[in-house]
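Encoded as structure tokens, the structure appears first; notes follow it.
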Amino acid sequence: MAETITTRFAPSPTGHMHIGNLRTALYSYLLAKAQGGKFILRIEDTDRERLVEGAQEVILDTLRMTGITYDEGPGKDGGHGPYIQSERLPLYHDYAQQLIQSGHAYYCFCTPERLESLKDEKGIGGYDGHCRNLPPEEVAEKLASGMPHVIRQKMPQTGVTSYTDHVYGEVSIDNAELRDQILIKADGYPTYNFCHVVDDHLMGVTHVVRGNEYLTSTPKYCLLYDAFGWERPAYVHLPLLMGKDADGNVSKLSKRHGAVSFQDLVRQGYLPEAIVNYIALLGWSPKDTTEEFFTMDELKKLFSMDGLSKSPAVFDYEKLKWFNGEYIKKMPVDAYRERAVPILEEICPPGTDREKLAELLRTRIATFGEIPERAAFAAERIPLDESLFTNKKNKTTPELCREMIAGCLPLLEGVEQWDNDTLFVVLKQFAADNGYKAGAVMWAVRIAVARLAVTPGGATELMEVFGKAETLERLQEAVK
RNA sequence: GGCCCGUUGGUCAAGAGGUUAAGACACCGCCCUUUCACGGCGGAAUCAUGAGUUCGAUUCUCGUACGGGUCACCA
């Protein structure tokens, strides 16, 4: 049997799902699934100060909405639980003790103040190893007296630590660069640096997929594996997602670049499928195809590590919008109506044909969030700006427009079958009978009805949306 | 600042020694057309830079520049 792989997604419950995190989850999931492997979800809630209520739900909801399903995780024990780090505390302490026994870790009693004094004016400066070689008696004494302490990893002070990343190749760091990082904090909780290593090993994770901000700290984790005598996992570091600010500067994607959480994007009217499709292509590209549209199932078949890019990718909201617009066009009619019509029902007067309007809007919106704005002209009669009547191509003027509208009004009043096709025939005939250009009549009527230069449909389509009564009132208002 | 990583059009990107250097978004033009949109067609636009290796470098090597990441009792 072929060797099976296991990946994981290990988010912190921060209350929102950053889009970069989501992409990490996606790639991690896809990597496992592309090879028939296992995907684990683990909650890393060891930062007690940043705990947010309900945050775990946000994570679970996001995964459910995007179709990223885990084989093991909270509520789905696969024999490696619990999957929430705060419920695994004794484990970490046992392993930390093991490291102290073997001389790979030690107690440190330095105060936060002393640590702070070690930093330079730019806030840079690491631990100096002050407690590295405390006499055992002193340690025992301080421990017995209940003095606050942390446990630090003892780094080698010479030599080089290297590992091979699947994206970036060999990465080497001088051990002298490594500081004695904290494994167990003063509050008894482990740091990410420590517990993720313990958990990944215990849970059988074979491939660690994460953002490239961990690229240079990975040697420290490798050293931990070595200290325990555990086999190091394969590392797959992902290029970062960047945002571009108004000045054109790029940096790690954050709130200042716009909506960056999955929840925000959904709230703005983006479809999960579109978001997934777009971010799948940010930092990865499929082989042998220029295709842009992929379902999760297709991605699962296509994903492979050699399609991963090394360079950071700028998140382009324009392209996301385009994807979303395409997904909206592809939605089944019923699903689309279910989302669009309620929005229109809230803002448009009762006589409006909301379903028709929704249909007209469909090819013109990129997100559902645009609907209220695009339909505002139907929500209420905006004042008519006479200058809109002037149109070069159709050679119309306000005077001519009023004349044409006044002329066709009686005809329209007699129309029984109030729909686009009928109205179009009637107005076209009216134009022909009176020596007007059809385009000119359409222009006049559309402007008079919508009071907008750009509308989500032609004159007669809008007339159908407004209904007979509202249309006639709007037209009469225009020639008064 | 030290260390690490990266650099193909405005953006996402394919290509990995010899190519007219794909494709997509955005942009521009034309067509379709009762406006806009959709759709169709076309266009402009890229290998950061210097040196080396080579018959030949976008592709390999080194330097430079620029960009990013990281140096927490955060993950």
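Chain labels follow the order of the structure tokens: the first chain is A, the next B, and so on; residue numbering restarts at 1 in every chain, and ligands are counted from 1 in their shown order.
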Using only C-alpha atoms (C1' of nucleotides), select each residue of chain A with any atom at most 8 Å away from an atom of chain B, and give the selection as JSON, numbers by chain. {"A": [12, 47, 124, 125, 126, 150, 168, 171, 173, 177, 182, 184, 185, 186, 187, 192, 212, 213, 215, 216, 217, 251, 281, 282, 285, 290, 292, 310, 311, 312, 313, 314, 316, 318, 319, 322, 363, 364, 438, 439, 442, 443, 446, 453, 454, 455, 456, 457, 458, 459, 460]}
Backbone DSSP call of strand (DSSP E) for region 83-197 of chain A, listed as a ChimeraX atom specification: /A:105-108,150-153,160-165,169-174,182-184
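Closest approach to Lys480 (chain A) from the set A:Leu271, A:Gly20, A:Ile405, A:Gly435 is made by A:Ile405, with distances taken over only C-alpha atoms.
The two atoms in question, C1' of G52 (chain B) and C1' of C66 (chain B), are spaced 22.1 Å apart.
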Can you tell me, as a compact mmCIF listing (two decimals) with N, CA and C atoms, in the first residue's frame, what residues are no more than 9 Å from Leu388 (chain A) when counting only C-alpha atoms (C1' of nucleotides), ignoring any on the same chain fewer than 2 positions away?
# COMPACT_ATOMS: atom_id res chain seq x y z
N LEU A 384 -35.99 63.92 -12.27
CA LEU A 384 -35.55 63.81 -13.66
C LEU A 384 -34.59 64.94 -14.03
N ASP A 385 -33.44 64.53 -14.52
CA ASP A 385 -32.46 65.51 -14.99
C ASP A 385 -32.62 65.62 -16.50
N GLU A 386 -33.20 66.76 -16.91
CA GLU A 386 -33.55 66.97 -18.33
C GLU A 386 -32.38 66.79 -19.29
N THR A 390 -30.80 64.58 -23.76
CA THR A 390 -29.95 64.88 -24.91
C THR A 390 -29.01 63.71 -25.18
N ASN A 391 -29.14 63.17 -26.38
CA ASN A 391 -28.30 62.05 -26.76
C ASN A 391 -27.82 62.24 -28.19
N THR A 397 -33.26 65.63 -28.04
CA THR A 397 -33.17 66.81 -27.20
C THR A 397 -34.32 66.71 -26.20
N PRO A 398 -34.26 67.47 -25.14
CA PRO A 398 -35.36 67.45 -24.16
C PRO A 398 -36.70 67.72 -24.83
N ALA A 444 -35.82 58.22 -25.11
CA ALA A 444 -36.69 59.15 -24.37
C ALA A 444 -37.46 58.43 -23.27
N ILE A 447 -35.15 57.11 -20.37
CA ILE A 447 -34.70 58.17 -19.47
C ILE A 447 -35.86 58.66 -18.60
N ALA A 448 -37.00 58.84 -19.23
CA ALA A 448 -38.16 59.36 -18.48
C ALA A 448 -38.58 58.39 -17.38
N ARG A 451 -34.82 57.72 -15.21
CA ARG A 451 -34.13 58.96 -14.79
C ARG A 451 -32.64 58.70 -14.57
N LEU A 452 -32.14 57.78 -15.33
CA LEU A 452 -30.74 57.38 -15.17
C LEU A 452 -30.15 57.13 -16.55
N ALA A 453 -28.91 57.52 -16.74
CA ALA A 453 -28.27 57.32 -18.04
C ALA A 453 -27.96 55.83 -18.26
Might you pull out every residue within 12 Å of Glu403 (chain A), with only C-alpha atoms (C1' of nucleotides) counted and same-chain residues fewer than 5 positions away left off, and present them as a PyMOL selection string? chain A and resi 389+396-398+408-409+431+434+436+440-441+444-445+475-476+478-480
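The space between CA of Val276 (chain A) and CA of Lys329 (chain A) spans 16.7 Å.
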What does the distance between CA of Asp45 (chain A) and CA of Gly129 (chain A) come to in Å, to one decimal place? 27.7 Å
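Neighbouring residues of Tyr163 (chain A) at 8 Å or closer, counting only C-alpha atoms (C1' of nucleotides) and skipping chain neighbours under 4 positions away, are Glu170, Val171, Ser172, Pro219 and Cys222 of chain A.
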Would you save the residues of that selection, restricted to C-alpha atoms, as a PDB file, in the first residue's frame?
ATOM      1  CA  GLU A 170      16.958  23.841   1.235  1.00  0.00           C
ATOM      2  CA  VAL A 171      16.758  26.413   4.005  1.00  0.00           C
ATOM      3  CA  SER A 172      19.693  26.824   6.357  1.00  0.00           C
ATOM      4  CA  PRO A 219      14.836  25.098  12.068  1.00  0.00           C
ATOM      5  CA  CYS A 222      13.348  20.735  13.513  1.00  0.00           C
TER       6      CYS A 222
END
Find the residues near Asp419 (chain A): any atom within 10 Å, counting only C-alpha atoms (C1' of nucleotides), skip ones fewer than 5 places away on the same chain, and give them as an MDAnalysis selection string. chainID A and resid 424 460:465 467:468
Selection: 12 Å around U61 (chain B), only C-alpha atoms (C1' of nucleotides), excl. self and same-chain fewer than 3 positions, as number ranges by chain: B: 51-53, 57
Atoms to include: N, CA and C atoms (P, O5', C5', C4', C3', O3' and C1' of nucleotides). Write the selected residues as a PDB file, in the first residue's frame.
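Output contents, as saved in result_37.pdb:
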ATOM      1  P     A B  51      27.378  44.069 -18.202  1.00  0.00           P
ATOM      2  O5'   A B  51      28.189  42.908 -17.475  1.00  0.00           O
ATOM      3  C5'   A B  51      29.499  43.167 -16.963  1.00  0.00           C
ATOM      4  C4'   A B  51      29.931  42.037 -16.060  1.00  0.00           C
ATOM      5  C3'   A B  51      30.085  40.670 -16.714  1.00  0.00           C
ATOM      6  O3'   A B  51      31.312  40.525 -17.397  1.00  0.00           O
ATOM      7  C1'   A B  51      28.951  40.441 -14.661  1.00  0.00           C
ATOM      8  P     G B  52      31.415  39.479 -18.665  1.00  0.00           P
ATOM      9  O5'   G B  52      31.324  38.078 -17.924  1.00  0.00           O
ATOM     10  C5'   G B  52      32.401  37.642 -17.101  1.00  0.00           C
ATOM     11  C4'   G B  52      32.024  36.379 -16.380  1.00  0.00           C
ATOM     12  C3'   G B  52      31.754  35.175 -17.272  1.00  0.00           C
ATOM     13  O3'   G B  52      32.963  34.540 -17.662  1.00  0.00           O
ATOM     14  C1'   G B  52      30.083  35.329 -15.612  1.00  0.00           C
ATOM     15  P     U B  53      33.036  33.687 -19.017  1.00  0.00           P
ATOM     16  O5'   U B  53      32.076  32.454 -18.692  1.00  0.00           O
ATOM     17  C5'   U B  53      32.482  31.450 -17.776  1.00  0.00           C
ATOM     18  C4'   U B  53      31.465  30.339 -17.765  1.00  0.00           C
ATOM     19  C3'   U B  53      31.077  29.828 -19.146  1.00  0.00           C
ATOM     20  O3'   U B  53      32.022  28.888 -19.643  1.00  0.00           O
ATOM     21  C1'   U B  53      29.126  30.196 -17.877  1.00  0.00           C
ATOM     22  P     A B  57      23.897  34.654 -24.492  1.00  0.00           P
ATOM     23  O5'   A B  57      22.767  35.733 -24.210  1.00  0.00           O
ATOM     24  C5'   A B  57      22.305  35.888 -22.912  1.00  0.00           C
ATOM     25  C4'   A B  57      20.965  35.182 -22.764  1.00  0.00           C
ATOM     26  C3'   A B  57      20.397  35.598 -21.409  1.00  0.00           C
ATOM     27  O3'   A B  57      19.390  36.605 -21.518  1.00  0.00           O
ATOM     28  C1'   A B  57      20.577  33.173 -21.630  1.00  0.00           C
TER      29        A B  57
END
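Residue nearest Ile68 (chain A) within the list A:Ala32, A:Ala176, A:Met404, A:Ala378: A:Ala32 [criterion: smallest interatomic distance, only C-alpha atoms].
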